[in-house]
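Undergrad: Take a look at the following structure, please.
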Amino acid sequence: MASDPMEDDLLPSIRQLIASVTPIIRASGSLPTAEEMLMRLEETDENFHRYELVKYIRTRIEDALAPLIEEEIEKQVNEGGSKSGGNEALVRTITDHVINDQACIDLMQTLKHNTKDAVERLVQVFDEEHSSVRDGYYQDKVVSGPDDKRRSFSFSDDSSSLDSSFNQGSYMFMNQEQFSNLAENLEPSQPLETRQEALRRLLQIPPSDVLACEQWGELRQGLLHALSDTDEFLAEKSLNFHARMFSSNSHHIMREVFTSLVEHLKVVCTSNKTKLPLLRDGIDYTNPTHHRIIKKFRLMNEFQVEVPIYWIRYPERFLEEITESSIQLLVAQPASSQPDHICPIHYMSIVDPRATWFKKWLHGNYSRSVVITLCDRYRPVVEDAVGCCMDYISAKRATQDPTNRLADQLAKQHLGQGIKRTRYTGPEVEFFHFMHSVCLLCRLMMYAGGSDLFPIQTSNGDVSLHELLVSLVHLITECQTFDQGINSPSVLVTETLKMSCTTEASCSRCLCKDSIITELLKPVLNWLHNDVPSSEVTMLHVADIFSAMASWESGRQVLLYGEKGEKFKINRLAAIHAISNFAKKALDSSEFSTQPSPAVTGAFLFVCRQFYSTSEGLLVLQPYGLHHYVANAWRVASRDAAQSDTPTPNMEVNKITTDEGDGEPYEDTLAWEQTLIDNLLNFASTPKGLLLLQQTGAINEAVAYMYTRYAKKLQVSKTEKFGYGTMVTQVAATAPGIVALQSTGFVKTLINGLWTILECGPDDRPLLRPAPPPMQPNDRASSKFFTSLMNLLSAFPAVYEVLAEKELENKESYTFREVPDTIIGLLDRLVMVNTRSKVHSLFNEEQSQVFGLRLLSVMTCCLDTLLLLECQYKIWDMLLQGQEHNKTTDGDGFIVDMLSIERNHILVRSYVIGGPSERRLPCRDLEKASDDPYPWPLFASFPVPKEYTTTISRPSAIKQDTDLSKLLSKSQSSTPSAANSKEWLQKCQTAYCKVMSIRHESVTNRVITDLLDKVITHTLMVPQNEIFPLKPCKVTDSALKGQKLTDLQMLGIKMVIRYGQHLKLISNSSDATENLTLLLKKCRYYFRTQQRSMDSEIRCLQGDYTGHDWFVSTVFLLMAGNRDKAWSFLHNFSSVLASGYLWMPRLHASVSLCQQCFY
């Protein structure tokens, strides 16, 4: 084939390309990766089309194939080829033709020949330039020829050290013959200089090439001999080689190198040739032998810590071999007969005292089962850890040796941290071993498989898991420790026990045992009963452990009732009683001769707080009256803080100090005050606790403190993940709570934030372009404020306290800068938009009004709130007026938009009450795939169209025999007595549940009337069921007619009668209205004789019950409008306990409740 005129230019072009891709090849790490990266060079290299070789190939293609392509395109167009399959088919046809043409085939052969010839000449020139380097190293002539596929070339040799062991240096590429020479030169029989030079060259070879060579077995042995060699250079370079091999991406290389290193360490620690020190002599780091061993263990440990990150990507065999070889090393024992030699576990303890490698191995489920299985197979690992802990605890209890000073010393002078240690004494090594054992066992017992390994056999007998934990607790309770840093035994054990509480299953399995809790309570009981104080750090550790246990349901149960106690059955021996009693006495400065510090008191108070923030825990703790003790202590702390000297900034020491120069007392007092008010606030987590908080008289201050933390988005406590949203809802459900929230500025801040989102937009965001109109009425930004407002206005007592007897502003004009800051102001601007001035004051008119209507829709879900809004603000008239204004010009239809749809939904929801089978609520969305997007009829006057109501059929007059009806018929012939009433009530409950689940349509109104009458009769026959006194009610109808009901109650009567007519329970509305009115007045008159006069600022406590009596109305409908039957049932029912829960006005200002129950 003729030579191409540009053939001479290919050699520099290929040189340029090789020089450009050299960094890519070096970074690849393996041949397949390099090939993949070169195949995608055009996608990753922005200079790809600037290479001379690429330009040359593109020019040849254009010259040879461009005329052929143009000719084929013209031919296809003339033949109409594009009509059959489109442009894609045309392109595919032209491409196939060009590729199969002889001109394209000739071009490919020419390019291949020219490139191959240039590469061969490049290799030849390279061999000639570097032959002297090869000859100087191997001392023999390697004849170059066409069969030599790989040539040796080297770059600068970067020295490596253990500190930078994972850094890559430059590489050397060799053939098999050269690897054979290297393996031979590494043999121990070779001269030292030869072995050193061979090891130096081996460090320049890529890890993948070393492991892939046929001489790896011989090289491995040579490297192991080098690791054990007394020559420092050989040992260091061999260790560097193992470190560099760990940086490989191949799991095969890492496994081989790691097992090789572990095998070497096993030989070192078990061989008689190695003179390992005795345990009592400690470890001298200046000794070269000990120094090298520790460095090898550290390299192994670094790999153990890092490998869990990526071993899930490799075969399971890789995981199994790595873990098994590590466990085998730890169980290896010295060949010497003396039992106190240093073992591999001691070196591991020095390198990794906290057993980080074991923690990471058990963290993921992928490796956890494998590791626990290996611990079961090689039990000496666990036996050694348990034996070490038990021996250490026994020795410490026997000698009372203050090893905390040792722990503090080790914390300050750890190997590689701060001051360099040159020697570890025997006790220090033993303490490291103890630390490593505790951390290893802690991680092991967190999981069910690890706990199943117990009991563990030791030299002193079998040790169960709980015996081990009790012994560890001795280090906290029996040894009067003082805080000496993070490595003290008490701190270590506390962290271990708290770690076992990270999951509920682990907490229940490990700590929820009476034996452990009893041991933990020893210092508390000793201080409580004997007035013998324990150290502060001991008490803090005990409180931390109890707090960790109380963060789980199982932990709270065992602390409340004991390990085998029954739920809701008081057990005076349970731990919570001792804890709460200690906290109560600690808050009272006159109880103990040595008063606990605020830190200790606060820690145990926090444990109690985790209980009284739940209803079940509060039930047990209420007799101790902690809320009064906390409130009194808070008032004392507040007074002390107020009387303290004013803090002034000290510029010299840059800290706050008092005028006397000491800032700590003031800061401690302030911190103690905040701790107390924070614990007092958490009584508001439950309804009963909120009542206790109101009784202390500190609810305003507690809510103010909550507001400051809520504004900063702080979480409630260290064991609770979420913020104060739930507590705000709990507080806002009561009238005193909503008053406190308003006084702190919480409501004002909430409304201002909402107005900013709806009308103004955030001030801190530059307005580069107009914001798009929102597609949803409650977008992501406003949904949080919507939820907060719902929580505030969800309870009628709070709504009544905020809105009762307050009128809307209804100004003639509103400025754009006029922002509402109260609930009534917000309703005036967003909900009751009934004037043009209110409409014009809104920037985002539609979105803001829809937001207000959605809020109104939620508020009217409470019928009492609906009646209050209608009575005071006539919301129905406002909504109907809005619909009237939304009519079309001809007056026959309505304009369907977001506002009209939302108003229609509220009108139907509030006017037609009942369940899903009694009404049809219109949807809020349009039907896109329908000819009529909104099929629901709009209206501008009551009553609502019939499309929104369902047809209710009268119940069948045919009597249906059921178990319930038979039981009721049978009871008519027998006289109830106290003996058979309980049994009859149980049978009635069973029969009623059965018939409601199978044949509920058979339960007619007559059956319900008969059922209620019989049930209340039998209930009163049981003496303990009559809780409230049953007094006669002597009042005439004429006297009742002279009384008046509130407008809210009268409107409620109309709604009840309309609902009863819809259900066909009432036929004559006028008679039913008069009877229900008289029934409500009679019940109110009856309750007035059992109420106390209230002098309160809370509106809902001033006078009679403010809402409508829905319970009386329901009973009236169940009795089909029969006033006498309804009164007979209500009068008897008022004496049973259930009336206090089901009948809201029953306990309103009742004399049956103590004065403290009314705030």
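Residue numbering restarts at 1 for every chain of the structure tokens, chains are lettered A, B, ... in their displayed order, and ligands are numbered from 1 as they appear.
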Which residues are near Leu866 (chain A)? Cut-off 9 Å, only C-alpha atoms, ignore same chain within fewer than 5 positions. Put them as a list in words.
TA: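 Within the cut-off, the hits are Met859, Thr860, Cys861, Cys871, Ile875 and Ser910 of chain A.
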Undergrad: Would you save the residues of that selection, restricted to N, CA and C atoms, as a short mmCIF file (atom, residue, chain, number, x, y, z; two decimals), in the first residue's frame?
TA:
data_model
loop_
_atom_site.label_atom_id
_atom_site.label_comp_id
_atom_site.auth_asym_id
_atom_site.auth_seq_id
_atom_site.Cartn_x
_atom_site.Cartn_y
_atom_site.Cartn_z
N MET A 859 -62.75 26.50 61.15
CA MET A 859 -63.34 26.97 62.40
C MET A 859 -64.78 26.52 62.54
N THR A 860 -65.53 26.53 61.46
CA THR A 860 -66.94 26.16 61.54
C THR A 860 -67.16 24.67 61.67
N CYS A 861 -66.10 23.87 61.64
CA CYS A 861 -66.25 22.45 61.94
C CYS A 861 -66.69 22.24 63.39
N CYS A 871 -73.89 34.37 65.24
CA CYS A 871 -74.60 35.29 66.12
C CYS A 871 -73.94 36.67 66.15
N ILE A 875 -72.15 35.44 59.53
CA ILE A 875 -71.29 34.95 58.45
C ILE A 875 -72.11 34.37 57.30
N SER A 910 -71.81 24.21 56.72
CA SER A 910 -72.28 24.79 57.98
C SER A 910 -73.81 24.73 58.12
#
Undergrad: Near Met996 (chain A), within 12 Å and counting only C-alpha atoms, which residues show up once chain neighbours fewer than 5 positions away are dropped, as number ranges by chain?
TA: A: 962-964, 989-991, 1001-1004, 1008
Undergrad: With DSSP run on the backbone, what are the strand (DSSP E) residues within region 544-664 of chain A? I'd like them as a list in words.
TA: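 Taking region 544-664 of chain A and keeping strand (DSSP E) only, one gets Thr648, Pro649, Asn650, Lys655, Ile656 and Thr657 of chain A.
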Undergrad: Just give me the gap between CA of Leu1011 (chain A) and CA of Cys1083 (chain A) in Å, one decimal is fine.
TA: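 Atom-to-atom, CA of Leu1011 (chain A) to CA of Cys1083 (chain A), that is 21.8 Å.
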